[in-house]
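Participant: Here it is, the structure in full.
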Amino acid sequence: MEVVGYFDAVTVRPGDRTRLAVSADAGTVDVSLVRLGTDEAPDRAADAPVAGSRLAGRYAVRRQDLATGSAVVVPDAPHLRVGEQLSVSFWMLPTLLAAGVQVVMAKRDATGASWAVSTTPEGHLLLEVVGADGVRGSAVTARPLDDGTWYLIGAAYDLGDRLLSLAVHRQADTIHGAVVDDAPVTRWVEGPAPASGADLPLTIAASAVPDGAGYRTTRHFNGKVARPRLYRAVLTPAELLADQGLEPRHEAVIGAWDFARDVDTRRVVDTSPHGAHGRTVQMPTRAVTGPGWDDTVTGLHDAPDRYDAIHFHDDDLDDAGWEPTVEWEVDEGLPSGIYGARIVGAGEDTVPIVVRPPDGEATAPVLFVAPVFSWLAYGNFRGFQQLEPNPSAAGRYIVDHRLNSLYDRHADGSGVAYASWLRPIVDMRPGHVMRRGTFTGGPTWGPPYGELPHQLSADLDVLRWLHHEGQAVDVVTDLDVHREGAALLQRYRVVVSGTHAEYWSAAMLDALDAYLGAGGRYLYLSGNGLYWVTGLDPEEGHTIEVRRHGAATAAWHTAPGESFLSTTGEQGGTWRWRGRAPQRLVGVGFSAEWASGLANGCAYVRTPASHDPRVAFAFEGIGDDELIGDVPNPVLAYGAAGYELDRADHRLGTPRHALVVATARPTNTEHWQAPVEEQLHPRLRADLTFFETAAGGAVFSTGSVAWAGCLAHAGYDNNVARLTGNVLRRFLDPEPFDCAPIRS
């Protein structure tokens with residue numbers, strides 16, 4: 001991609017300020033504002049330009065790099081600078097020694113004096129020291145380390161006595177015992193002191209090198225580090241071992257960082273008398289098991305001190321840190337909706353942003369909640385792009401820059417738990433499609449049926465339909481719902497979901513629960529929704545977290561003991577296993593997903609319940625035996641039920657008075673699969689479900705990701721659009737729904 005950008009916010013109000021950062025080779029780019037989701041054409045071709053926006057203009061740009069890799073950075077302080085004597089200790093568990101030279105701890109000063117403990121390309125441990133006078137010493141262990149093993153490391157140097165010590169203690173176990181390598185090869189050489197020009201920070205899991213007026217981190221470590229400590233003296237391996245308690249006691253300690261504290265922040269606490277606190281950069285994984293963890297501890301809250309490690313990766317990326325190209329004061333009077341910054345230079349990009357109504361106001365009776373948490377979870381889906389034989393420019397950008405979604409694994413095989421919007425998310429774009437032939441090596445279907453709109457691009461289908469209906473609609477994100485709760489939803493007569501609203505926080509569930517309890521009406525156009533427990537970073541607020549845990553269909557699973565979210569402290573996994581199955585709120589929950597690029601969707605068959613007078617409004621203009629969604633669909637080639645399906649289940653919380661008014665059952669079942677939690681009793685189907693609430697509200701659920709893909713068929717003249725419109729009009733009617741079925 002010759003042009004790529006991102007906003008520093010995903011949701012704004014008129015009058016807010018947000019910054020757009022752009023990377024491009026061209027000297028200038030032209031930026032304009034377009035409104036997304038207003039075109040009624042089924043081919044999704046055009047967007048509506050917004051005239052006179054403050055965002056519009058020609059701006060100077062330059063190429064901006066993506067610097068991945070996490071670390072802990074401790075600001076320079078006099079007591080941390082390289083001295084005549086120093087001892088270092090830490091626990092480490094390498095996970096990708098084959099990645100080459102990786103620094104575990106290091107410090108460099110303006111004089112050029114430095115020390116570093118790192119791994120070699122062959123997997124040995126190396127201590128290197130450079131004095132201000134240019135004297136250099138190094139020591140390397142005789143035995144290589146092993147991935148997946150905890151080691152206690154002790155290193156020390158004395159520049160005056162030309163002494164180096166490097167001890168490696170493998171964590172003892174009943175099978176292998178302990179291996180000690182404390183006789184490394186040591187050598188000293190004379191040489192000129194390299195000029196640094198800056199007192200660089202102490203770094204853990206990376207090395208800091210000068211970069212212009214500042215520094216950058218490099219040679220990032222893959223693996224866990226725990227209990228890093230510094231001493232202004234030469235300690236023997238035995239003395240370092242003796243000072244491995246939770247609180248260091250040796251009088252020479254000058255730094256002792258406790259990774260078990262403040263795991264919901266980027267703060268790294270120094271428990272030594274100096275209080276040289278640090279910060280994580282690029283969001284390494286916290287709340288992970290340390291060297292003292294064992295299977296008697298099931299979670300973070302059982303014994304927080306056993307979670308005194310941080311897992312670092314050389315492909316972590318939480319904040320690209322690009323210089324902003326333009327600051328935009330969101331235009332006053334801009335109608336609520338989904339917009340895009342269209343950037344045109346040597347190439348082109350359209351960066352989405354949601355403009356919500358002014359603070360505390362509703363400017364329409366209908367609210368569309370854009371599922372930004374789900375957009376982020378799927379954003380930069382590298383694993384998918386690596387399967388694509390002919391990737392798009394966006395796909396190549398994702399792979400070339402080692403970007404990750406929450407469906408990917410890090411280079412060391414561990415799951416990606418965090419996703420931030422402070423980075424380019426190049427597949428979170430209008431018009432983005434997935435190609436169905438990618439998944440199995442099956443045929444690459446020609447457009448429009450082989451290219452699947454998903455997340456943002458599919459959600460725009462809902463907005464296009466609402467605009468076609470002439471329906472005024474406000475747009476917010478689930479981030480707004482997370483922050484403001486039911487008070488936001490209760491301004492609206494009807495709330496409409498996105499097409500794949502899968503990732504929900506507890507605050508979002510609470511908000512929907514309260515909204516429905518107060519008589520709200522919810523039009524649920526999603527499949528596989530309300531599924532994964534999702535946390536939001538409470539400190540900086542731009543990063544979500546997921547821990548894939550338990551019986552669930554998942555791209556990866558957490559390591560033992562690591563199922564609790566660092567950002568919120570709550571148990572991860574699916575809401576079903578937290579006692580909050582989606583059936584409780586929307587009547588349906590995940591029942592089937594496509595397992596093959598050959599899986600077709602299907603139509604819904606009306607049930608006897610569809611003739612119940614309670615739901616007659618939904619079927620006005622639809623024949624008694626008419627199949628619902630018996631039309632082509634770009635999501636799965638055919639039918640309104642496709643991609644991922646949801647079903648009703650009273651045992652999981654579907655209200656007893658709910659009506660299942662239509663059911664869709666895939667016929668080519670060999671290309672479909674039940675999620676893991678449904679394997680014992682697979683029910684591959686989607687249920688169209690309706691029920692009233694006690695306060696006179698109602699819920700109508702489609703139970704299919706593919707439903708919205710049918711809305712525009714035949715110029716919106718089809719029974720999917722007709723039925724959805726019938727429900728919307730009744731939901732807008734202030735007449736309360738009859739609560740009698742609930743009481744009966």
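Following the order of the structure tokens, first chain is A, next is B, and so on, with residues numbered from 1 inside each chain and ligands from 1 in the order they appear.
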Neighbours of Val494 of chain A within 10 Å (only C-alpha atoms; same-chain residues fewer than 2 positions away dropped), as a list of chain:residue names?

Facilitator: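 Once the adjacent positions are removed, what remains is A:Ala364, A:Pro365, A:Val366, A:Leu367, A:Phe368, A:Val473, A:Leu489, A:Gln490, A:Arg491, A:Tyr492, A:Val496, A:Gly520, A:Arg521, A:Tyr522, A:Leu523, A:Gly697, A:Ala698, A:Val699, A:Leu728, A:Arg729, A:Arg730, A:Phe731, A:Leu732, A:Asp733.
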
Participant: Once DSSP has gone over the backbone, tell me which residues of segment 315-496 of chain A are in alpha helix (DSSP H), as number ranges by chain.

Facilitator: A: 372-378, 382-387, 393-400, 456-468, 478-484, 486-489

Participant: Could you write out that same residue set with N, CA and C atoms as a CSV table (one decimal), in the first residue's frame?

Facilitator:
```csv
chain,number,residue,atom,x,y,z
A,372,VAL,N,-17.3,-2.0,17.1
A,372,VAL,CA,-15.9,-1.7,17.0
A,372,VAL,C,-15.0,-2.7,17.7
A,373,PHE,N,-15.4,-3.3,18.8
A,373,PHE,CA,-14.6,-4.3,19.4
A,373,PHE,C,-14.4,-5.5,18.5
A,374,SER,N,-15.5,-5.8,17.8
A,374,SER,CA,-15.3,-6.9,16.8
A,374,SER,C,-14.5,-6.5,15.6
A,375,TRP,N,-14.7,-5.3,15.1
A,375,TRP,CA,-13.8,-4.8,14.1
A,375,TRP,C,-12.3,-4.9,14.4
A,376,LEU,N,-12.0,-4.5,15.7
A,376,LEU,CA,-10.6,-4.6,16.1
A,376,LEU,C,-10.2,-6.0,16.2
A,377,ALA,N,-11.0,-6.9,16.7
A,377,ALA,CA,-10.6,-8.3,16.9
A,377,ALA,C,-10.2,-8.9,15.6
A,378,TYR,N,-10.9,-8.6,14.5
A,378,TYR,CA,-10.6,-9.2,13.2
A,378,TYR,C,-9.7,-8.4,12.4
A,382,ARG,N,-3.8,-11.6,9.8
A,382,ARG,CA,-2.7,-12.1,9.1
A,382,ARG,C,-2.8,-13.6,8.7
A,383,GLY,N,-3.3,-14.4,9.6
A,383,GLY,CA,-3.5,-15.8,9.3
A,383,GLY,C,-4.3,-16.0,8.1
A,384,PHE,N,-5.4,-15.3,7.9
A,384,PHE,CA,-6.2,-15.4,6.7
A,384,PHE,C,-5.4,-15.0,5.5
A,385,GLN,N,-4.7,-13.8,5.6
A,385,GLN,CA,-4.0,-13.3,4.4
A,385,GLN,C,-2.9,-14.3,4.0
A,386,GLN,N,-2.3,-15.0,4.9
A,386,GLN,CA,-1.2,-15.9,4.5
A,386,GLN,C,-1.8,-17.1,3.8
A,387,LEU,N,-3.1,-17.4,3.9
A,387,LEU,CA,-3.7,-18.5,3.1
A,387,LEU,C,-4.1,-18.0,1.7
A,393,ALA,N,-3.4,-5.7,-1.9
A,393,ALA,CA,-2.4,-4.8,-1.4
A,393,ALA,C,-2.4,-4.7,0.1
A,394,ALA,N,-3.7,-4.7,0.6
A,394,ALA,CA,-3.8,-4.7,2.1
A,394,ALA,C,-3.3,-6.0,2.7
A,395,GLY,N,-3.6,-7.1,2.0
A,395,GLY,CA,-3.1,-8.4,2.6
A,395,GLY,C,-1.6,-8.4,2.6
A,396,ARG,N,-1.0,-7.9,1.5
A,396,ARG,CA,0.5,-7.9,1.5
A,396,ARG,C,1.0,-7.0,2.6
A,397,TYR,N,0.4,-5.9,2.8
A,397,TYR,CA,0.9,-5.0,3.8
A,397,TYR,C,0.8,-5.7,5.2
A,398,ILE,N,-0.3,-6.4,5.5
A,398,ILE,CA,-0.4,-7.1,6.8
A,398,ILE,C,0.7,-8.1,7.0
A,399,VAL,N,0.9,-8.9,5.9
A,399,VAL,CA,2.0,-9.9,6.1
A,399,VAL,C,3.4,-9.3,6.1
A,400,ASP,N,3.6,-8.4,5.3
A,400,ASP,CA,5.0,-7.8,5.2
A,400,ASP,C,5.4,-7.1,6.5
A,456,LEU,N,-16.8,-4.2,9.2
A,456,LEU,CA,-17.2,-2.9,8.7
A,456,LEU,C,-17.9,-2.9,7.4
A,457,SER,N,-17.3,-3.6,6.4
A,457,SER,CA,-17.9,-3.6,5.1
A,457,SER,C,-19.3,-4.2,5.0
A,458,ALA,N,-19.6,-5.2,5.9
A,458,ALA,CA,-20.9,-5.8,6.0
A,458,ALA,C,-21.8,-4.9,6.8
A,459,ASP,N,-21.3,-4.3,7.8
A,459,ASP,CA,-22.2,-3.4,8.6
A,459,ASP,C,-22.7,-2.2,7.8
A,460,LEU,N,-21.9,-1.8,6.8
A,460,LEU,CA,-22.4,-0.7,6.0
A,460,LEU,C,-23.7,-1.1,5.2
A,461,ASP,N,-23.9,-2.4,5.0
A,461,ASP,CA,-25.1,-2.9,4.3
A,461,ASP,C,-26.3,-2.5,5.1
A,462,VAL,N,-26.2,-2.6,6.5
A,462,VAL,CA,-27.3,-2.3,7.3
A,462,VAL,C,-27.6,-0.8,7.2
A,463,LEU,N,-26.6,0.1,7.2
A,463,LEU,CA,-26.8,1.5,7.1
A,463,LEU,C,-27.4,1.9,5.8
A,464,ARG,N,-26.9,1.2,4.7
A,464,ARG,CA,-27.5,1.5,3.4
A,464,ARG,C,-29.0,1.1,3.3
A,465,TRP,N,-29.4,0.0,4.0
A,465,TRP,CA,-30.8,-0.4,4.0
A,465,TRP,C,-31.6,0.6,4.8
A,466,LEU,N,-31.1,1.1,5.9
A,466,LEU,CA,-31.8,2.1,6.7
A,466,LEU,C,-32.0,3.4,5.9
A,467,HIS,N,-31.0,3.8,5.2
A,467,HIS,CA,-31.1,5.0,4.4
A,467,HIS,C,-32.1,4.8,3.3
A,468,HIS,N,-32.1,3.6,2.7
A,468,HIS,CA,-33.1,3.3,1.6
A,468,HIS,C,-34.5,3.3,2.2
A,478,ASP,N,-19.8,0.4,20.1
A,478,ASP,CA,-19.9,-0.4,21.4
A,478,ASP,C,-18.9,0.2,22.4
A,479,LEU,N,-17.9,0.9,21.9
A,479,LEU,CA,-17.0,1.6,22.9
A,479,LEU,C,-17.8,2.6,23.7
A,480,ASP,N,-18.7,3.4,23.0
A,480,ASP,CA,-19.5,4.4,23.6
A,480,ASP,C,-20.5,3.7,24.6
A,481,VAL,N,-21.0,2.6,24.2
A,481,VAL,CA,-21.9,1.8,25.1
A,481,VAL,C,-21.2,1.3,26.3
A,482,HIS,N,-20.0,0.8,26.1
A,482,HIS,CA,-19.1,0.4,27.2
A,482,HIS,C,-18.9,1.5,28.2
A,483,ARG,N,-18.7,2.7,27.7
A,483,ARG,CA,-18.3,3.8,28.6
A,483,ARG,C,-19.6,4.5,29.2
A,484,GLU,N,-20.7,4.5,28.5
A,484,GLU,CA,-21.8,5.3,29.0
A,484,GLU,C,-23.0,4.4,29.4
A,486,ALA,N,-26.4,2.0,29.8
A,486,ALA,CA,-27.8,2.1,29.4
A,486,ALA,C,-28.3,3.5,29.1
A,487,ALA,N,-27.7,4.5,29.8
A,487,ALA,CA,-28.2,5.9,29.6
A,487,ALA,C,-28.1,6.3,28.1
A,488,LEU,N,-27.1,5.8,27.4
A,488,LEU,CA,-26.9,6.1,26.0
A,488,LEU,C,-28.0,5.4,25.2
A,489,LEU,N,-28.2,4.1,25.4
A,489,LEU,CA,-29.2,3.3,24.7
A,489,LEU,C,-30.6,3.8,24.9
```

Participant: Leaving out segment 330-345 of chain A and any residue of its chain fewer than 6 positions from it, which residues lie within 8 Å of it when counting only C-alpha atoms, given as a ChimeraX atom specification?

Facilitator: /A:2-4,12-18,24,26,28-37,53-55,351-357,473-476

Participant: Tell me which of A:Val74, A:Leu300, A:Leu688, A:Ala99 sits closest to Asp270 of chain A, counting only C-alpha atoms.

Facilitator: A:Val74

Participant: Return the single residue from A:Ala664, A:Ala559, A:Ala71, A:Ala139 that is closest to Cys602 of chain A, with distances computed using only C-alpha atoms.

Facilitator: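 Answer, going by the shortest atom-to-atom distance: A:Ala664.
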
Participant: Counting only C-alpha atoms, what is within 8 Å of segment 147-158 of chain A, bar same-chain residues fewer than 6 positions away, as a PyMOL selection string?

Facilitator: chain A and resi 84-97+127+129+164-171+234-235+237+240+291

Participant: Name all residues at most 12 Å from Ile254 of chain A (count only C-alpha atoms; drop same-chain ones fewer than 6 positions away) and give them as a list in words.

Facilitator: Ala77, Pro78, His79, Leu80, Arg81, Leu86, Ser87, Val88, Ser89, Pro228, Arg229, Leu230, Tyr231, Arg232, Ala233, Pro248, Asp270, Thr271, Ser272, Pro273, His274, Gly275, Ala276 and His277 of chain A

Participant: Output C-alpha atoms for every residue in the selection just made, as a PDB file, in the first residue's frame.

Facilitator:
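See result22.pdb below for the written result:
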```pdb
ATOM      1  CA  ALA A  77      18.784   7.727  36.518  1.00  0.00           C
ATOM      2  CA  PRO A  78      22.248   8.317  38.029  1.00  0.00           C
ATOM      3  CA  HIS A  79      22.111   5.183  40.159  1.00  0.00           C
ATOM      4  CA  LEU A  80      21.321   3.023  37.099  1.00  0.00           C
ATOM      5  CA  ARG A  81      24.289   4.165  35.032  1.00  0.00           C
ATOM      6  CA  LEU A  86      27.179  -4.531  38.980  1.00  0.00           C
ATOM      7  CA  SER A  87      25.204  -7.718  39.459  1.00  0.00           C
ATOM      8  CA  VAL A  88      22.077  -8.643  37.535  1.00  0.00           C
ATOM      9  CA  SER A  89      19.555 -11.387  38.193  1.00  0.00           C
ATOM     10  CA  PRO A 228      14.650  -8.553  37.207  1.00  0.00           C
ATOM     11  CA  ARG A 229      17.037  -7.062  39.776  1.00  0.00           C
ATOM     12  CA  LEU A 230      20.198  -4.960  39.885  1.00  0.00           C
ATOM     13  CA  TYR A 231      22.858  -4.708  42.622  1.00  0.00           C
ATOM     14  CA  ARG A 232      25.689  -2.200  42.920  1.00  0.00           C
ATOM     15  CA  ALA A 233      28.148  -4.915  43.953  1.00  0.00           C
ATOM     16  CA  PRO A 248      14.809  -8.222  47.752  1.00  0.00           C
ATOM     17  CA  ASP A 270      10.387  -0.853  41.288  1.00  0.00           C
ATOM     18  CA  THR A 271      10.262  -2.110  44.880  1.00  0.00           C
ATOM     19  CA  SER A 272      13.820  -1.050  45.703  1.00  0.00           C
ATOM     20  CA  PRO A 273      14.422   2.094  47.797  1.00  0.00           C
ATOM     21  CA  HIS A 274      15.124   4.071  44.604  1.00  0.00           C
ATOM     22  CA  GLY A 275      11.635   3.713  43.113  1.00  0.00           C
ATOM     23  CA  ALA A 276      12.894   3.688  39.529  1.00  0.00           C
ATOM     24  CA  HIS A 277       9.550   2.722  38.030  1.00  0.00           C
TER      25      HIS A 277
END
```

Participant: Could you pull the residues within 8 Å of Gly589 of chain A, counting only C-alpha atoms, minus those fewer than 5 positions along the same chain, as a count of residues only?

Facilitator: 12

Participant: Select, from A:Val140, A:Val586, A:Val82, A:Ala226, the residue with the minimum atom-to-atom distance to Leu159 of chain A, counting only C-alpha atoms.

Facilitator: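 For Leu159 of chain A, the nearest of the candidates is A:Val82.
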
Participant: Skipping near chain neighbours, those fewer than 2 positions away, what residues fall within 8 Å of Gly621 of chain A using only C-alpha atoms, listed as an mmCIF file with N, CA and C atoms, in the first residue's frame?

Facilitator:
```
data_model
loop_
_atom_site.group_PDB
_atom_site.id
_atom_site.type_symbol
_atom_site.label_atom_id
_atom_site.label_comp_id
_atom_site.auth_asym_id
_atom_site.auth_seq_id
_atom_site.Cartn_x
_atom_site.Cartn_y
_atom_site.Cartn_z
ATOM 1 N N PHE A 619 -44.719 -10.473 9.265
ATOM 2 C CA PHE A 619 -44.895 -11.232 8.028
ATOM 3 C C PHE A 619 -45.910 -10.602 7.081
ATOM 4 N N GLY A 623 -45.832 -14.489 1.973
ATOM 5 C CA GLY A 623 -46.720 -15.632 1.849
ATOM 6 C C GLY A 623 -46.518 -16.672 2.941
ATOM 7 N N ARG A 722 -38.139 -6.857 3.418
ATOM 8 C CA ARG A 722 -39.534 -6.599 3.796
ATOM 9 C C ARG A 722 -39.776 -6.979 5.252
#
```

Participant: List every residue of segment 139-262 of chain A that DSSP, applied to the backbone of this structure, places in strand (DSSP E or B), and write the result as number ranges by chain.

Facilitator: A: 139-140, 151-158, 163-170, 180-181, 185-189, 202-204, 207-211, 214-218, 223-231, 253-258

Participant: Using only C-alpha atoms, find the one residue out of A:Ala552, A:Ala213, A:Met428, A:Ala206 that sits nearest to Trp575 of chain A.

Facilitator: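 The answer is A:Ala552, which sits nearest to Trp575 of chain A.
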